[in-house]
Amino acid sequence: MVTSDQRRRQLAREKYERQQKRRAEARRKGRQRAAVIGAAVAVVVATLVGLVVGGVFDKDKKDSAADPAANPSASPSAKQSPAPAMAIDKNAKYTFDLKTTAGEIKFEMDAAKTPETVNSFKALADKGFFDNTKCHRLTTSGIFVLQCGDPEGTGMGGPGYTIADENLDSLGKPNEQGQVIYPAGTVAMANTGQPHSGGSQFFLVYKDSPLAPSYTPFGKIDAAGLKALEEVAKAGTADGGQDGAPKTPVTVQKGAVTRN
C-alpha cells in the first residue's frame, strides 16, 4: 500500500518531469524561431548586398550596371572644381577630332545649340584631357553605343565638375515609353541619370537607339568615323556579352577641338 508520503513524492516527481518536458519543448521551439529569424535576416542581408554590388543603391555606378536600354552613365570625380569660363564663339561650329587606335572619328559640334557642352569639351581637349584615354564601354543590344571620355577608363571618372543639360528637345517628342530615337552618328553626353550631371563622358551612337531624351545630343559623326565605329561594334564586347569593354580596344590617342 502506498503511503501518503510516497504519494506526495510521486506527485512531486511527476510534476517535475512535466516541468522539464515543457522547458525542453520551449527550448526546442525557441531554437526553431531563432533559426527562422536567422534565415530571414540572412536573406535580407544577402539581397541588400546583391543590390549594392549590382549598383541599384550606388548612384555613382548606375549606368554601368543598368539595363542597356536604360542609360549610358558617367560619374564626375569626387573632387569638384568649377566648370571652365565661357571662351568659345557661341555662333560658331567646332569639330572634335578623335585620333583613336580604331581609326579617326570626327564629329561636328554646334555651339549655338550646346554652348556649355562645346565650351567644356574645348577647354578639356586644349589641355590634353582626352589624350590616351580608353573608350571603356560598348553596348550591342537595346541601345547601340560606344562610350568614351573617362580618364580612368572605368566609367567612374570625370573632369571634377558637371555641366548643364542642353538641346534635349531636338530629337522630337517622346513616344509612349518616354523615349526618342538617337540616330546613328549622334554624339551625346553620358550622365548619372540625374539632371545636369554630365562631365566628360560621352557616347557615340553607331545604330539608331531608343533612349529617354535625357542626354545632351551635341555632335554628328562624319561618314569615315561612323564606319570605324561600326567596325568596332561588329567585333562585339571582350566577354561576348551585350554590354562591356569592346573586344577591339579603342584608345583615344589624341582629342582636339578646333573651330570650323
# chains A, B, ... in the order shown; residues from 1 in each chain; ligands from 1
$ select_by_dssp --residues "stretch 65-248 of chain A" --states "strand (DSSP E or B)" --output "count of residues only"
57
$ residues_around --residues "A:Gln147" --least-positions-apart "6" --cutoff "10 Å" --atoms "only C-alpha atoms" --output "PDB file with C-alpha atoms, in the first residue's frame"
ATOM      1  CA  PRO A  72      24.730  55.285 -70.560  1.00  0.00           C
ATOM      2  CA  SER A  73      26.149  56.862 -67.453  1.00  0.00           C
ATOM      3  CA  ALA A  74      29.117  58.672 -66.136  1.00  0.00           C
ATOM      4  CA  LYS A 134      40.074  54.381 -73.311  1.00  0.00           C
ATOM      5  CA  CYS A 135      36.579  54.023 -74.695  1.00  0.00           C
ATOM      6  CA  HIS A 136      35.514  51.702 -71.914  1.00  0.00           C
ATOM      7  CA  ARG A 137      32.001  50.565 -72.793  1.00  0.00           C
ATOM      8  CA  LEU A 138      30.323  49.061 -75.852  1.00  0.00           C
ATOM      9  CA  THR A 139      26.611  48.233 -75.809  1.00  0.00           C
ATOM     10  CA  GLY A 153      38.667  54.003 -68.144  1.00  0.00           C
ATOM     11  CA  GLY A 155      33.023  54.551 -66.186  1.00  0.00           C
ATOM     12  CA  VAL A 187      27.216  62.027 -80.141  1.00  0.00           C
ATOM     13  CA  ALA A 188      25.596  62.672 -76.763  1.00  0.00           C
ATOM     14  CA  MET A 189      26.587  63.308 -73.174  1.00  0.00           C
ATOM     15  CA  ALA A 190      26.561  60.450 -70.699  1.00  0.00           C
ATOM     16  CA  GLN A 201      31.973  61.083 -70.732  1.00  0.00           C
ATOM     17  CA  PHE A 202      30.065  60.867 -73.982  1.00  0.00           C
ATOM     18  CA  PHE A 203      28.656  58.142 -76.183  1.00  0.00           C
ATOM     19  CA  LEU A 204      28.912  57.580 -79.921  1.00  0.00           C
ATOM     20  CA  VAL A 205      25.769  56.066 -81.453  1.00  0.00           C
ATOM     21  CA  GLY A 244      31.082  45.714 -71.652  1.00  0.00           C
ATOM     22  CA  ALA A 245      34.558  46.643 -72.780  1.00  0.00           C
ATOM     23  CA  PRO A 246      34.895  46.442 -76.584  1.00  0.00           C
TER      24      PRO A 246
END
$ residues_around --residues "A:Gly225" --least-positions-apart "2" --cutoff "6 Å" --atoms "only C-alpha atoms" --output "list in words"
Glu104, Ile105, Lys106, Asp222, Ala223, Lys227 and Ala228 of chain A
$ atom_distance --atom1 "atom CA of A:Leu98" --atom2 "atom CA of A:Asn119"
16.7 Å
$ residues_around --residues "A:Leu124" --least-positions-apart "5" --cutoff "12 Å" --atoms "only C-alpha atoms" --output "VMD selection string"
chain A and resid 83 to 85 96 117 to 119 129 to 131 149 to 151 158 to 161 199 to 201 254 to 257
$ write_last_selection --atoms "N, CA and C atoms" --output "CSV table (one decimal), in the first residue's frame"
chain,number,residue,atom,x,y,z
A,83,ALA,N,33.4,74.7,-63.4
A,83,ALA,CA,33.4,74.5,-64.9
A,83,ALA,C,34.1,75.6,-65.5
A,84,PRO,N,34.7,75.4,-66.7
A,84,PRO,CA,35.5,76.4,-67.3
A,84,PRO,C,34.7,77.6,-67.7
A,85,ALA,N,35.3,78.8,-67.7
A,85,ALA,CA,34.6,80.0,-68.1
A,85,ALA,C,34.3,80.0,-69.6
A,96,PHE,N,35.3,68.1,-83.2
A,96,PHE,CA,36.1,67.3,-82.3
A,96,PHE,C,36.7,66.2,-83.1
A,117,THR,N,28.3,72.7,-73.4
A,117,THR,CA,28.9,71.4,-73.7
A,117,THR,C,30.2,71.6,-74.6
A,118,VAL,N,30.0,72.4,-75.7
A,118,VAL,CA,31.1,72.6,-76.6
A,118,VAL,C,32.2,73.4,-75.9
A,119,ASN,N,31.9,74.3,-75.0
A,119,ASN,CA,32.9,75.1,-74.3
A,119,ASN,C,33.7,74.2,-73.4
A,129,PHE,N,43.1,66.6,-72.0
A,129,PHE,CA,42.3,65.7,-71.1
A,129,PHE,C,42.0,64.3,-71.7
A,130,PHE,N,41.7,64.3,-73.0
A,130,PHE,CA,41.2,63.1,-73.6
A,130,PHE,C,42.3,62.2,-74.1
A,131,ASP,N,43.5,62.7,-74.1
A,131,ASP,CA,44.7,62.0,-74.7
A,131,ASP,C,45.0,60.7,-73.9
A,149,GLY,N,35.6,59.1,-73.0
A,149,GLY,CA,35.7,60.3,-72.3
A,149,GLY,C,36.0,60.2,-70.8
A,150,ASP,N,36.3,58.9,-70.3
A,150,ASP,CA,36.6,58.7,-68.9
A,150,ASP,C,38.1,58.6,-68.8
A,151,PRO,N,38.8,59.5,-68.1
A,151,PRO,CA,40.2,59.4,-67.9
A,151,PRO,C,40.7,58.2,-67.1
A,158,GLY,N,35.8,61.6,-64.4
A,158,GLY,CA,35.2,62.8,-65.0
A,158,GLY,C,36.2,64.0,-64.7
A,159,PRO,N,35.8,65.2,-65.1
A,159,PRO,CA,36.7,66.3,-65.0
A,159,PRO,C,36.7,67.0,-63.7
A,160,GLY,N,35.8,66.6,-62.7
A,160,GLY,CA,35.7,67.2,-61.4
A,160,GLY,C,34.6,68.3,-61.4
A,161,TYR,N,33.8,68.4,-62.4
A,161,TYR,CA,32.7,69.3,-62.4
A,161,TYR,C,31.6,68.8,-63.3
A,199,GLY,N,29.6,65.2,-67.3
A,199,GLY,CA,31.0,65.6,-67.0
A,199,GLY,C,31.8,65.6,-68.3
A,200,SER,N,32.6,64.5,-68.5
A,200,SER,CA,33.5,64.4,-69.7
A,200,SER,C,33.1,63.2,-70.5
A,201,GLN,N,32.3,62.3,-70.0
A,201,GLN,CA,32.0,61.1,-70.7
A,201,GLN,C,30.9,61.3,-71.8
A,254,LYS,N,44.7,61.0,-79.3
A,254,LYS,CA,44.7,62.5,-79.2
A,254,LYS,C,43.3,63.0,-79.5
A,255,GLY,N,42.8,63.9,-78.6
A,255,GLY,CA,41.5,64.5,-78.8
A,255,GLY,C,41.6,66.0,-78.9
A,256,ALA,N,41.2,66.6,-80.1
A,256,ALA,CA,41.4,68.0,-80.3
A,256,ALA,C,40.1,68.6,-80.8
A,257,VAL,N,39.8,69.9,-80.3
A,257,VAL,CA,38.7,70.6,-80.8
A,257,VAL,C,39.1,71.9,-81.5
$ select_by_dssp --residues "stretch 69-192 of chain A" --states "alpha helix (DSSP H)" --output "MDAnalysis selection string"
chainID A and resid 115:126
$ closest_residue --among "A:Ala24, A:Val250, A:Met156, A:Val180" --to "A:Thr192" --atoms "only C-alpha atoms"
A:Met156
$ atom_distance --atom1 "atom CA of A:Ala235" --atom2 "atom CA of A:Lys99"
19.5 Å
$ closest_residue --among "A:His196, A:Lys90, A:Lys29, A:Lys113" --to "A:Tyr215" --atoms "only C-alpha atoms"
A:His196
$ atom_distance --atom1 "atom CA of A:Gly219" --atom2 "atom CA of A:Gly240"
28.9 Å
$ residues_around --residues "A:Ala87" --least-positions-apart "5" --cutoff "12 Å" --atoms "only C-alpha atoms" --output "PyMOL selection string"
chain A and resi 92+111+115-123+126+259
